[in-house]
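Trainee: Have a peek at start.pdb (PDB, C-alpha atoms and all ligand atoms).
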ATOM      1  CA  MET N   3       4.258 -15.998  -9.161  1.00  0.00           C
ATOM      2  CA  PRO N   4       5.816 -12.662  -8.224  1.00  0.00           C
ATOM      3  CA  ARG N   5       8.044 -12.478  -5.129  1.00  0.00           C
ATOM      4  CA  ALA N   6       6.841 -11.736  -1.597  1.00  0.00           C
ATOM      5  CA  ILE N   7       7.076  -8.057  -0.686  1.00  0.00           C
ATOM      6  CA  ILE N   8       6.332  -6.631   2.748  1.00  0.00           C
ATOM      7  CA  SER N   9       5.361  -2.950   2.724  1.00  0.00           C
ATOM      8  CA  PRO N  10       4.838  -1.662   6.277  1.00  0.00           C
ATOM      9  CA  SER N  11       2.335   1.187   6.603  1.00  0.00           C
ATOM     10  CA  VAL N  12       4.506   3.337   8.801  1.00  0.00           C
ATOM     11  CA  LEU N  13       3.143   4.432  12.140  1.00  0.00           C
ATOM     12  CA  ALA N  14       4.988   7.276  13.807  1.00  0.00           C
ATOM     13  CA  SER N  15       4.255  10.196  16.061  1.00  0.00           C
ATOM     14  CA  ASP N  16       6.680  12.679  14.519  1.00  0.00           C
ATOM     15  CA  PHE N  17       8.856  13.158  11.498  1.00  0.00           C
ATOM     16  CA  GLY N  18      12.057  11.980  13.198  1.00  0.00           C
ATOM     17  CA  GLN N  19      10.317   8.792  14.235  1.00  0.00           C
ATOM     18  CA  LEU N  20       8.935   8.344  10.719  1.00  0.00           C
ATOM     19  CA  THR N  21      12.427   8.372   9.197  1.00  0.00           C
ATOM     20  CA  ALA N  22      13.811   6.158  11.944  1.00  0.00           C
ATOM     21  CA  GLU N  23      10.975   3.644  11.547  1.00  0.00           C
ATOM     22  CA  CYS N  24      11.471   3.498   7.785  1.00  0.00           C
ATOM     23  CA  LYS N  25      15.145   2.663   8.329  1.00  0.00           C
ATOM     24  CA  ARG N  26      14.280   0.108  10.988  1.00  0.00           C
ATOM     25  CA  MET N  27      11.742  -1.575   8.712  1.00  0.00           C
ATOM     26  CA  ILE N  28      14.239  -1.890   5.860  1.00  0.00           C
ATOM     27  CA  LYS N  29      16.795  -3.362   8.273  1.00  0.00           C
ATOM     28  CA  GLY N  30      14.091  -5.697   9.545  1.00  0.00           C
ATOM     29  CA  GLY N  31      13.388  -7.133   6.094  1.00  0.00           C
ATOM     30  CA  ALA N  32      10.797  -4.807   4.531  1.00  0.00           C
ATOM     31  CA  GLU N  33      11.225  -4.361   0.783  1.00  0.00           C
ATOM     32  CA  TRP N  34       8.878  -1.368   0.419  1.00  0.00           C
ATOM     33  CA  LEU N  35       7.453   1.333   2.668  1.00  0.00           C
ATOM     34  CA  HIS N  36       3.755   2.042   2.265  1.00  0.00           C
ATOM     35  CA  MET N  37       2.991   5.773   2.358  1.00  0.00           C
ATOM     36  CA  ASP N  38      -0.671   6.617   2.881  1.00  0.00           C
ATOM     37  CA  VAL N  39      -1.501   9.872   1.134  1.00  0.00           C
ATOM     38  CA  MET N  40      -4.889  11.334   2.116  1.00  0.00           C
ATOM     39  CA  ASP N  41      -6.504  14.529   0.908  1.00  0.00           C
ATOM     40  CA  GLY N  42      -9.490  15.038   3.222  1.00  0.00           C
ATOM     41  CA  HIS N  43     -11.835  14.572   0.232  1.00  0.00           C
ATOM     42  CA  PHE N  44     -11.576  11.005  -1.036  1.00  0.00           C
ATOM     43  CA  VAL N  45     -11.203  10.030   2.627  1.00  0.00           C
ATOM     44  CA  PRO N  46     -12.049  12.235   5.605  1.00  0.00           C
ATOM     45  CA  ASN N  47      -8.548  12.202   7.074  1.00  0.00           C
ATOM     46  CA  ILE N  48      -5.622  14.252   5.982  1.00  0.00           C
ATOM     47  CA  THR N  49      -2.034  13.338   6.359  1.00  0.00           C
ATOM     48  CA  MET N  50      -0.497  13.952   9.716  1.00  0.00           C
ATOM     49  CA  GLY N  51      -3.824  15.231  10.946  1.00  0.00           C
ATOM     50  CA  LYS N  52      -3.323  13.645  14.329  1.00  0.00           C
ATOM     51  CA  LEU N  53       0.363  13.833  14.990  1.00  0.00           C
ATOM     52  CA  ALA N  54      -0.138  14.401  18.670  1.00  0.00           C
ATOM     53  CA  GLU N  55      -1.435  10.886  19.158  1.00  0.00           C
ATOM     54  CA  PRO N  56       0.986   8.015  19.358  1.00  0.00           C
ATOM     55  CA  LEU N  57       0.688   5.191  16.842  1.00  0.00           C
ATOM     56  CA  VAL N  58      -1.354   7.109  14.328  1.00  0.00           C
ATOM     57  CA  ALA N  59      -0.701   6.249  10.697  1.00  0.00           C
ATOM     58  CA  CYS N  60       1.867   8.803   9.680  1.00  0.00           C
ATOM     59  CA  THR N  61       0.267   9.636   6.408  1.00  0.00           C
ATOM     60  CA  ILE N  62       1.358  12.097   3.832  1.00  0.00           C
ATOM     61  CA  SER N  63      -1.168  14.616   2.498  1.00  0.00           C
ATOM     62  CA  CYS N  64      -1.053  16.381  -0.848  1.00  0.00           C
ATOM     63  CA  PRO N  65       0.336  18.815  -1.592  1.00  0.00           C
ATOM     64  CA  PRO N  66       1.829  19.434   1.876  1.00  0.00           C
ATOM     65  CA  GLY N  67       2.833  15.794   2.086  1.00  0.00           C
ATOM     66  CA  ALA N  68       5.096  15.862  -0.934  1.00  0.00           C
ATOM     67  CA  PRO N  69       7.875  17.778   0.869  1.00  0.00           C
ATOM     68  CA  ILE N  70       7.633  15.267   3.695  1.00  0.00           C
ATOM     69  CA  LEU N  71       7.985  12.420   1.230  1.00  0.00           C
ATOM     70  CA  ALA N  72      10.976  14.219  -0.286  1.00  0.00           C
ATOM     71  CA  CYS N  73      12.601  14.415   3.156  1.00  0.00           C
ATOM     72  CA  VAL N  74      11.913  10.745   3.796  1.00  0.00           C
ATOM     73  CA  SER N  75      13.414   9.725   0.477  1.00  0.00           C
ATOM     74  CA  LYS N  76      16.525  11.824   1.181  1.00  0.00           C
ATOM     75  CA  GLY N  77      16.797  10.622   4.754  1.00  0.00           C
ATOM     76  CA  VAL N  78      16.304   6.935   4.024  1.00  0.00           C
ATOM     77  CA  PRO N  79      18.721   5.768   1.346  1.00  0.00           C
ATOM     78  CA  GLY N  80      17.384   3.008  -0.866  1.00  0.00           C
ATOM     79  CA  ILE N  81      13.761   3.456   0.213  1.00  0.00           C
ATOM     80  CA  PHE N  82      11.038   2.269  -2.190  1.00  0.00           C
ATOM     81  CA  MET N  83       8.042   4.471  -1.439  1.00  0.00           C
ATOM     82  CA  ASP N  84       4.827   2.642  -2.265  1.00  0.00           C
ATOM     83  CA  CYS N  85       2.508   5.670  -2.328  1.00  0.00           C
ATOM     84  CA  HIS N  86      -1.147   4.844  -1.717  1.00  0.00           C
ATOM     85  CA  MET N  87      -3.007   7.854  -3.054  1.00  0.00           C
ATOM     86  CA  MET N  88      -6.318   8.138  -1.224  1.00  0.00           C
ATOM     87  CA  VAL N  89      -7.129  11.297  -3.152  1.00  0.00           C
ATOM     88  CA  ALA N  90     -10.064  12.545  -5.211  1.00  0.00           C
ATOM     89  CA  GLU N  91      -8.116  13.725  -8.237  1.00  0.00           C
ATOM     90  CA  PRO N  92      -5.228  11.310  -8.692  1.00  0.00           C
ATOM     91  CA  GLU N  93      -3.965  12.931 -11.896  1.00  0.00           C
ATOM     92  CA  LYS N  94      -3.298  16.135  -9.953  1.00  0.00           C
ATOM     93  CA  TRP N  95      -0.483  14.866  -7.733  1.00  0.00           C
ATOM     94  CA  VAL N  96       1.583  12.724 -10.078  1.00  0.00           C
ATOM     95  CA  ASN N  97       4.302  15.342 -10.560  1.00  0.00           C
ATOM     96  CA  ASP N  98       4.511  16.222  -6.852  1.00  0.00           C
ATOM     97  CA  ILE N  99       4.906  12.612  -5.833  1.00  0.00           C
ATOM     98  CA  ALA N 100       7.408  11.885  -8.598  1.00  0.00           C
ATOM     99  CA  ASP N 101       9.464  14.949  -7.625  1.00  0.00           C
ATOM    100  CA  ALA N 102       9.364  13.803  -4.017  1.00  0.00           C
ATOM    101  CA  GLY N 103      10.881  10.434  -4.917  1.00  0.00           C
ATOM    102  CA  GLY N 104       7.790   8.217  -5.024  1.00  0.00           C
ATOM    103  CA  ALA N 105       8.590   4.864  -6.616  1.00  0.00           C
ATOM    104  CA  LEU N 106       5.057   3.537  -7.062  1.00  0.00           C
ATOM    105  CA  TYR N 107       1.930   5.653  -7.467  1.00  0.00           C
ATOM    106  CA  CYS N 108      -1.183   3.699  -6.560  1.00  0.00           C
ATOM    107  CA  PHE N 109      -4.469   5.483  -7.228  1.00  0.00           C
ATOM    108  CA  HIS N 110      -8.052   4.462  -6.567  1.00  0.00           C
ATOM    109  CA  LEU N 111     -10.170   3.307  -9.475  1.00  0.00           C
ATOM    110  CA  GLU N 112     -13.186   4.946  -7.784  1.00  0.00           C
ATOM    111  CA  ALA N 113     -11.485   8.344  -7.982  1.00  0.00           C
ATOM    112  CA  THR N 114     -11.236   8.621 -11.747  1.00  0.00           C
ATOM    113  CA  GLY N 115     -13.317   8.128 -14.868  1.00  0.00           C
ATOM    114  CA  ASP N 116     -10.207   7.765 -16.980  1.00  0.00           C
ATOM    115  CA  PRO N 117      -7.733   5.370 -15.355  1.00  0.00           C
ATOM    116  CA  LEU N 118      -5.714   4.899 -18.533  1.00  0.00           C
ATOM    117  CA  SER N 119      -4.812   8.566 -18.741  1.00  0.00           C
ATOM    118  CA  VAL N 120      -3.761   8.589 -15.071  1.00  0.00           C
ATOM    119  CA  ILE N 121      -1.578   5.553 -15.801  1.00  0.00           C
ATOM    120  CA  LYS N 122      -0.057   7.341 -18.791  1.00  0.00           C
ATOM    121  CA  ALA N 123       0.820  10.354 -16.623  1.00  0.00           C
ATOM    122  CA  ILE N 124       2.420   8.131 -13.962  1.00  0.00           C
ATOM    123  CA  ARG N 125       4.472   6.272 -16.585  1.00  0.00           C
ATOM    124  CA  ALA N 126       5.620   9.580 -18.050  1.00  0.00           C
ATOM    125  CA  ARG N 127       7.240  10.288 -14.659  1.00  0.00           C
ATOM    126  CA  ASN N 128       8.867   6.862 -14.515  1.00  0.00           C
ATOM    127  CA  MET N 129       6.966   5.580 -11.512  1.00  0.00           C
ATOM    128  CA  LYS N 130       5.441   2.153 -11.169  1.00  0.00           C
ATOM    129  CA  VAL N 131       1.657   2.088 -11.380  1.00  0.00           C
ATOM    130  CA  GLY N 132      -0.795   0.694  -8.842  1.00  0.00           C
ATOM    131  CA  VAL N 133      -4.586   0.519  -9.163  1.00  0.00           C
ATOM    132  CA  ALA N 134      -6.541   0.212  -5.915  1.00  0.00           C
ATOM    133  CA  ILE N 135     -10.105  -0.869  -5.218  1.00  0.00           C
ATOM    134  CA  SER N 136     -12.094  -0.152  -2.043  1.00  0.00           C
ATOM    135  CA  PRO N 137     -14.147  -2.891  -0.329  1.00  0.00           C
ATOM    136  CA  ASP N 138     -17.384  -2.154  -2.235  1.00  0.00           C
ATOM    137  CA  THR N 139     -15.778  -2.162  -5.688  1.00  0.00           C
ATOM    138  CA  PRO N 140     -15.788  -5.532  -7.460  1.00  0.00           C
ATOM    139  CA  SER N 141     -12.538  -6.868  -8.870  1.00  0.00           C
ATOM    140  CA  THR N 142     -14.211  -7.050 -12.275  1.00  0.00           C
ATOM    141  CA  ALA N 143     -14.232  -3.236 -12.292  1.00  0.00           C
ATOM    142  CA  ILE N 144     -10.522  -3.545 -13.056  1.00  0.00           C
ATOM    143  CA  THR N 145     -10.641  -4.257 -16.764  1.00  0.00           C
ATOM    144  CA  ASP N 146      -7.976  -6.334 -18.471  1.00  0.00           C
ATOM    145  CA  GLU N 147      -6.771  -3.223 -20.268  1.00  0.00           C
ATOM    146  CA  VAL N 148      -6.291  -1.277 -17.032  1.00  0.00           C
ATOM    147  CA  ALA N 149      -4.719  -4.213 -15.176  1.00  0.00           C
ATOM    148  CA  ASN N 150      -2.327  -4.953 -18.005  1.00  0.00           C
ATOM    149  CA  ALA N 151      -1.212  -1.326 -18.024  1.00  0.00           C
ATOM    150  CA  ALA N 152      -0.494  -1.431 -14.270  1.00  0.00           C
ATOM    151  CA  ASP N 153       2.276  -3.074 -12.246  1.00  0.00           C
ATOM    152  CA  MET N 154       0.263  -3.703  -9.119  1.00  0.00           C
ATOM    153  CA  LEU N 155      -3.360  -4.149  -8.097  1.00  0.00           C
ATOM    154  CA  LEU N 156      -4.355  -3.225  -4.544  1.00  0.00           C
ATOM    155  CA  VAL N 157      -7.335  -4.889  -2.897  1.00  0.00           C
ATOM    156  CA  MET N 158      -8.305  -2.884   0.176  1.00  0.00           C
ATOM    157  CA  THR N 159      -9.383  -5.123   3.038  1.00  0.00           C
ATOM    158  CA  VAL N 160     -10.702  -2.171   5.074  1.00  0.00           C
ATOM    159  CA  TYR N 161     -12.418   1.033   4.019  1.00  0.00           C
ATOM    160  CA  PRO N 162      -9.635   3.481   3.175  1.00  0.00           C
ATOM    161  CA  GLY N 163      -8.985   6.250   5.644  1.00  0.00           C
ATOM    162  CA  ARG N 164      -7.311   5.005   8.778  1.00  0.00           C
ATOM    163  CA  GLY N 165      -5.251   2.241  10.305  1.00  0.00           C
ATOM    164  CA  GLY N 166      -6.331  -0.163  13.020  1.00  0.00           C
ATOM    165  CA  GLN N 167      -9.586  -1.330  11.421  1.00  0.00           C
ATOM    166  CA  LYS N 168     -10.918  -4.881  11.364  1.00  0.00           C
ATOM    167  CA  PHE N 169      -9.903  -7.031   8.390  1.00  0.00           C
ATOM    168  CA  LEU N 170     -12.806  -7.575   5.958  1.00  0.00           C
ATOM    169  CA  GLU N 171     -12.535 -11.205   4.892  1.00  0.00           C
ATOM    170  CA  ARG N 172     -15.273 -10.725   2.305  1.00  0.00           C
ATOM    171  CA  CYS N 173     -12.718  -8.851   0.163  1.00  0.00           C
ATOM    172  CA  VAL N 174     -10.428 -11.874  -0.162  1.00  0.00           C
ATOM    173  CA  PRO N 175     -12.248 -13.565  -3.091  1.00  0.00           C
ATOM    174  CA  LYS N 176     -11.363 -10.481  -5.138  1.00  0.00           C
ATOM    175  CA  VAL N 177      -7.691 -11.295  -4.617  1.00  0.00           C
ATOM    176  CA  ALA N 178      -8.274 -14.833  -5.878  1.00  0.00           C
ATOM    177  CA  GLU N 179     -10.203 -13.574  -8.892  1.00  0.00           C
ATOM    178  CA  LEU N 180      -7.445 -11.127  -9.817  1.00  0.00           C
ATOM    179  CA  ARG N 181      -4.699 -13.708  -9.265  1.00  0.00           C
ATOM    180  CA  ALA N 182      -6.507 -16.116 -11.606  1.00  0.00           C
ATOM    181  CA  ARG N 183      -6.684 -13.434 -14.293  1.00  0.00           C
ATOM    182  CA  PHE N 184      -3.196 -12.021 -13.734  1.00  0.00           C
ATOM    183  CA  PRO N 185      -0.756 -14.728 -12.595  1.00  0.00           C
ATOM    184  CA  ASP N 186       2.320 -12.481 -12.862  1.00  0.00           C
ATOM    185  CA  LYS N 187       1.006  -9.220 -11.458  1.00  0.00           C
ATOM    186  CA  ASP N 188       1.857  -7.856  -8.001  1.00  0.00           C
ATOM    187  CA  ILE N 189      -1.314  -8.044  -5.917  1.00  0.00           C
ATOM    188  CA  GLU N 190      -1.300  -6.057  -2.686  1.00  0.00           C
ATOM    189  CA  VAL N 191      -3.633  -6.337   0.298  1.00  0.00           C
ATOM    190  CA  ASP N 192      -4.004  -3.513   2.798  1.00  0.00           C
ATOM    191  CA  GLY N 193      -6.005  -3.140   5.968  1.00  0.00           C
ATOM    192  CA  GLY N 194      -6.139  -5.247   9.109  1.00  0.00           C
ATOM    193  CA  VAL N 195      -3.512  -7.611   7.765  1.00  0.00           C
ATOM    194  CA  GLY N 196      -1.283  -9.351  10.303  1.00  0.00           C
ATOM    195  CA  PRO N 197      -0.259 -12.787  11.550  1.00  0.00           C
ATOM    196  CA  ASN N 198      -3.902 -13.791  12.128  1.00  0.00           C
ATOM    197  CA  THR N 199      -5.176 -12.771   8.701  1.00  0.00           C
ATOM    198  CA  ILE N 200      -2.183 -13.214   6.406  1.00  0.00           C
ATOM    199  CA  ASP N 201      -2.739 -16.863   5.467  1.00  0.00           C
ATOM    200  CA  VAL N 202      -6.092 -16.327   3.807  1.00  0.00           C
ATOM    201  CA  CYS N 203      -4.633 -13.412   1.781  1.00  0.00           C
ATOM    202  CA  ALA N 204      -1.528 -15.333   0.793  1.00  0.00           C
ATOM    203  CA  HIS N 205      -3.501 -18.426  -0.238  1.00  0.00           C
ATOM    204  CA  ALA N 206      -5.762 -16.269  -2.373  1.00  0.00           C
ATOM    205  CA  GLY N 207      -2.639 -15.112  -4.210  1.00  0.00           C
ATOM    206  CA  SER N 208      -1.588 -11.816  -2.681  1.00  0.00           C
ATOM    207  CA  ASN N 209       2.183 -11.251  -2.699  1.00  0.00           C
ATOM    208  CA  VAL N 210       2.513  -7.614  -1.539  1.00  0.00           C
ATOM    209  CA  ILE N 211       1.518  -7.250   2.070  1.00  0.00           C
ATOM    210  CA  VAL N 212       0.794  -3.952   3.829  1.00  0.00           C
ATOM    211  CA  ALA N 213       0.588  -4.013   7.600  1.00  0.00           C
ATOM    212  CA  GLY N 214       0.535  -1.133  10.054  1.00  0.00           C
ATOM    213  CA  THR N 215      -0.840  -1.996  13.465  1.00  0.00           C
ATOM    214  CA  ALA N 216       0.265  -5.630  13.283  1.00  0.00           C
ATOM    215  CA  ILE N 217       3.893  -4.593  12.786  1.00  0.00           C
ATOM    216  CA  PHE N 218       4.123  -1.420  14.834  1.00  0.00           C
ATOM    217  CA  GLY N 219       2.043  -2.732  17.727  1.00  0.00           C
ATOM    218  CA  ALA N 220       4.176  -5.868  18.051  1.00  0.00           C
ATOM    219  CA  PRO N 221       6.963  -6.284  20.595  1.00  0.00           C
ATOM    220  CA  ASN N 222       9.189  -7.568  17.797  1.00  0.00           C
ATOM    221  CA  PRO N 223       8.282  -6.028  14.411  1.00  0.00           C
ATOM    222  CA  ASP N 224      11.009  -7.974  12.608  1.00  0.00           C
ATOM    223  CA  GLU N 225       9.368 -11.234  13.632  1.00  0.00           C
ATOM    224  CA  VAL N 226       6.046 -10.078  12.201  1.00  0.00           C
ATOM    225  CA  ILE N 227       7.705  -9.099   8.917  1.00  0.00           C
ATOM    226  CA  ALA N 228       9.360 -12.526   8.753  1.00  0.00           C
ATOM    227  CA  LYS N 229       6.070 -14.289   9.538  1.00  0.00           C
ATOM    228  CA  LEU N 230       4.175 -12.374   6.836  1.00  0.00           C
ATOM    229  CA  LYS N 231       6.861 -13.140   4.281  1.00  0.00           C
ATOM    230  CA  ALA N 232       7.020 -16.815   5.235  1.00  0.00           C
ATOM    231  CA  SER N 233       3.264 -17.117   4.848  1.00  0.00           C
ATOM    232  CA  VAL N 234       3.391 -15.699   1.312  1.00  0.00           C
ATOM    233  CA  ASN N 235       6.297 -17.952   0.375  1.00  0.00           C
ATOM    234  CA  THR N 236       4.539 -21.046   1.743  1.00  0.00           C
ATOM    235  CA  ALA N 237       1.302 -20.205  -0.051  1.00  0.00           C
ATOM    236  CA  GLN N 238       3.165 -19.555  -3.298  1.00  0.00           C
ATOM    237  CA  ALA N 239       4.941 -22.878  -3.092  1.00  0.00           C
ATOM    238  CA  LYS N 240       1.548 -24.603  -2.656  1.00  0.00           C
ATOM    239  CA  LEU N 241      -0.150 -22.610  -5.389  1.00  0.00           C
ATOM    240  CA  SER N 242       2.559 -23.362  -7.919  1.00  0.00           C
ATOM    241  CA  SER N 243       2.899 -27.085  -7.043  1.00  0.00           C
TER     242      SER N 243
HETATM  243  O1  LIG L   1      -4.537   2.686   3.831  1.00  0.00           O
HETATM  244  C1  LIG L   1      -4.771   2.266   4.911  1.00  0.00           C
HETATM  245  C2  LIG L   1      -5.998   2.668   5.602  1.00  0.00           C
HETATM  246  O2  LIG L   1      -6.564   3.688   4.893  1.00  0.00           O
HETATM  247  C3  LIG L   1      -3.832   1.296   5.502  1.00  0.00           C
HETATM  248  O3  LIG L   1      -2.532   1.430   4.941  1.00  0.00           O
HETATM  249  C4  LIG L   1      -3.732   1.246   6.970  1.00  0.00           C
HETATM  250  O4  LIG L   1      -3.053   2.378   7.463  1.00  0.00           O
HETATM  251  C5  LIG L   1      -3.033  -0.007   7.393  1.00  0.00           C
HETATM  252  O5  LIG L   1      -3.062  -0.089   8.767  1.00  0.00           O
HETATM  253  P1  LIG L   1      -3.533  -1.405   9.530  1.00  0.00           P
HETATM  254  O6  LIG L   1      -4.920  -1.722   9.080  1.00  0.00           O
HETATM  255  O7  LIG L   1      -2.563  -2.476   9.144  1.00  0.00           O
HETATM  256  O8  LIG L   1      -3.432  -0.996  10.956  1.00  0.00           O
END
Please, can you express the file's structure as structure tokens?

Mentor:
Amino acid sequence: MPRAIISPSVLASDFGQLTAECKRMIKGGAEWLHMDVMDGHFVPNITMGKLAEPLVACTISCPPGAPILACVSKGVPGIFMDCHMMVAEPEKWVNDIADAGGALYCFHLEATGDPLSVIKAIRARNMKVGVAISPDTPSTAITDEVANAADMLLVMTVYPGRGGQKFLERCVPKVAELRARFPDKDIEVDGGVGPNTIDVCAHAGSNVIVAGTAIFGAPNPDEVIAKLKASVNTAQAKLSS
């Protein structure tokens, strides 16, 4: 089974805080940083649309978000930006995100009729490839050909668009189905994941964990990161025994 990876969905109220939080998360044990990229079409929100409010997902829109991502990647040495592209035309932003230092480009299957050509474009820019599915998309929509061409599969456990939503447990069987088909693939869960919902995700076989509110709303974020990681490691030990 692939290793446990915690990818906090960064919540910040300004750019300085965004960079500082990314650094703090890495120090606190996060392997990746999850960057929500929203275009106002695929999802209603756009990046940084609500900066005045505290604890709003500090998301990165396209194309204005790419310069922000570039600043984050310069300001946070060693960052692995796990870019979750909640955008209508995923093929359009591959170059911007690559130029900005994105390490993984995860697009939604619902947003394209030709996932293999999007994957080809991402590979051409040397980024890792993620394929995401929203709650109403079955896991079987990810064909073997598409999954095998990707590095990571993302099962959304909320409707994409904003942080702080309730975890949709009905999405978890999709994780189990994908893990059974792809034992070595990174499988990410995102949305409402935290100490109270991690076990069911980890036991289903998810190893890449995105959490926003659960980490940033906690008095001790490092403890939450450690708890999420421990849950994945425990579940993996059981699954492989
Ligand atoms: O992509 C999304 C929502 O669109 C997520 O990354 C959330 O931003 C995660 O936040 P929490 O649900 O953990 O608060």

Trainee: Give me, as CSV, each residue of chain N that comes within 10 Å of ligand LIG 1 (chain L), together with its shortest interatomic pair and the distance in Å at one decimal, counting all atoms listed in the file, with rows ordered by chain and rising residue number.

Mentor:
residue,atom,partner,partner_atom,distance
N:Ser9,CA,L:LIG1,O3,9.3
N:Pro10,CA,L:LIG1,O7,8.0
N:Ser11,CA,L:LIG1,O3,5.1
N:Val12,CA,L:LIG1,O4,7.7
N:Leu13,CA,L:LIG1,O4,8.0
N:His36,CA,L:LIG1,O3,6.9
N:Met37,CA,L:LIG1,O3,7.5
N:Asp38,CA,L:LIG1,O1,5.6
N:Val39,CA,L:LIG1,O1,8.3
N:Met40,CA,L:LIG1,O2,8.3
N:Val45,CA,L:LIG1,O2,8.2
N:Asn47,CA,L:LIG1,O2,9.0
N:Leu57,CA,L:LIG1,O8,9.5
N:Val58,CA,L:LIG1,O4,8.5
N:Ala59,CA,L:LIG1,O4,5.6
N:Cys60,CA,L:LIG1,O4,8.4
N:Thr61,CA,L:LIG1,O4,8.1
N:Cys85,CA,L:LIG1,O3,9.8
N:His86,CA,L:LIG1,O1,6.9
N:Met87,CA,L:LIG1,O1,8.7
N:Met88,CA,L:LIG1,O2,7.6
N:Ser136,CA,L:LIG1,O2,9.7
N:Met158,CA,L:LIG1,O1,7.7
N:Thr159,CA,L:LIG1,O6,8.2
N:Val160,CA,L:LIG1,C2,6.8
N:Tyr161,CA,L:LIG1,O2,6.5
N:Pro162,CA,L:LIG1,O2,3.5
N:Gly163,CA,L:LIG1,O2,3.6
N:Arg164,CA,L:LIG1,C2,4.2
N:Gly165,CA,L:LIG1,O5,3.5
N:Gly166,CA,L:LIG1,O8,3.7
N:Gln167,CA,L:LIG1,O6,5.2
N:Lys168,CA,L:LIG1,O6,7.2
N:Phe169,CA,L:LIG1,O6,7.3
N:Val191,CA,L:LIG1,O3,9.1
N:Asp192,CA,L:LIG1,C3,5.5
N:Gly193,CA,L:LIG1,O6,3.6
N:Gly194,CA,L:LIG1,O6,3.7
N:Val195,CA,L:LIG1,O7,5.4
N:Gly196,CA,L:LIG1,O7,7.1
N:Ile211,CA,L:LIG1,O7,9.5
N:Val212,CA,L:LIG1,O3,6.4
N:Ala213,CA,L:LIG1,O7,3.8
N:Gly214,CA,L:LIG1,O7,3.5
N:Thr215,CA,L:LIG1,O8,3.7
N:Ala216,CA,L:LIG1,O7,5.9
N:Ile217,CA,L:LIG1,O7,7.7
N:Phe218,CA,L:LIG1,O8,8.5
N:Gly219,CA,L:LIG1,O8,8.9

Trainee: Quick one: residues within 10 Å of N:Lys122, only C-alpha atoms, excluding same-chain residues fewer than 5 positions away - as a PyMOL selection string?

Mentor: chain N and resi 93+117+127-128+131+151-152

Trainee: Excluding N:Ala134 and its own-chain neighbours fewer than 5 positions away, which residues fall within 8 Å of it when counting all atoms listed in the file? Please give them as a PyMOL selection string.

Mentor: chain N and resi 108-111+155-158

Trainee: Taking only C-alpha atoms into account, name the residue in N:Leu170, N:Pro69, N:Val234, N:Val177 that is nearest to N:Pro197.

Mentor: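 Selected residue with least distance to N:Pro197: N:Val234.
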
Trainee: Hey, which of N:Arg183, N:His43, N:Arg26, N:Arg172 ends up closest to N:Ala149? Count only C-alpha atoms.

Mentor: N:Arg183

Trainee: Name all residues at most 10 Å from N:Pro175 (count only C-alpha atoms; drop same-chain ones fewer than 4 positions away) and give them as a VMD selection string.

Mentor: chain N and resid 140 to 141 157 171 179 to 181 202 to 203 206 to 207

Trainee: What does the structure give for the distance between atom CA of N:Asp16 and atom CA of N:Thr199, in Å to one decimal?

Mentor: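 If I compute the distance from atom CA of N:Asp16 to atom CA of N:Thr199, I get 28.7 Å.
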
Trainee: Which polymer residues have any atom within 12 Å of an atom of N:Gly77, counting all atoms listed in the file, with same-chain residues fewer than 4 positions away left out, as a PyMOL selection string?

Mentor: chain N and resi 17-25+70-73+81+102-103

Trainee: Output as AutoDock Vina command-line options the centre and edge lengths (Å, one decimal) of the box along x, y and z of the file that holds every listed atom of stretch 106-122 of chain N after adding 8 Å on each side.

Mentor:
--center_x -4.1 --center_y 6.0 --center_z -12.7 --size_x 34.4 --size_y 21.3 --size_z 28.2

Trainee: Between atom CA of N:Gln238 and atom CA of N:His205, measure the distance and give it in Å to one decimal.

Mentor: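 We find that atom CA of N:Gln238 and atom CA of N:His205 lie 7.4 Å from each other.
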
Trainee: From (7.3, -10.9, -9.7), in the file's coordinates, out to 7 Å: which residues are reached, counting only C-alpha atoms? Answer as a list in words.

Mentor: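 Those residues, ordered by chain and then number, are Met3, Pro4, Arg5, Asp186, Lys187 and Asp188 of chain N.
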
Trainee: Work out how far atom CA of N:Leu35 is from atom CA of N:Val226, in Å to one decimal.

Mentor: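 That distance, rounded to one decimal, is 14.9 Å.
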
Trainee: Taking all atoms listed in the file into account, name the residue in N:Val78, N:Ala182, N:Met129, N:Met154 that is nearest to N:Asp101.

Mentor: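 Using all atoms listed in the file, N:Asp101 sits closest to N:Met129.
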
Trainee: Kindly indicate which residue among N:Ser15, N:Gly104, N:Asp41, N:Pro92 lies nearest to N:Lys76, using only C-alpha atoms for the distances.

Mentor: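 Of N:Ser15, N:Gly104, N:Asp41, N:Pro92, the one nearest N:Lys76 is N:Gly104, counting only C-alpha atoms.
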
Trainee: Would you fill the gaps in stretch 29-34 of chain N so it has N, CA and C atoms, then print it as a CSV table (one decimal), keeping the file's coordinate frame?

Mentor:
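What landed in out.csv:
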chain,number,residue,atom,x,y,z
N,29,LYS,N,15.8,-2.5,7.6
N,29,LYS,CA,16.8,-3.4,8.3
N,29,LYS,C,16.1,-4.7,8.7
N,30,GLY,N,14.8,-4.5,9.1
N,30,GLY,CA,14.1,-5.7,9.5
N,30,GLY,C,13.5,-6.6,8.4
N,31,GLY,N,13.8,-6.2,7.2
N,31,GLY,CA,13.4,-7.1,6.1
N,31,GLY,C,12.3,-6.6,5.2
N,32,ALA,N,11.8,-5.4,5.4
N,32,ALA,CA,10.8,-4.8,4.5
N,32,ALA,C,11.4,-4.4,3.2
N,33,GLU,N,10.7,-4.7,2.1
N,33,GLU,CA,11.2,-4.4,0.8
N,33,GLU,C,10.7,-3.0,0.4
N,34,TRP,N,9.5,-2.7,0.8
N,34,TRP,CA,8.9,-1.4,0.4
N,34,TRP,C,8.4,-0.7,1.7
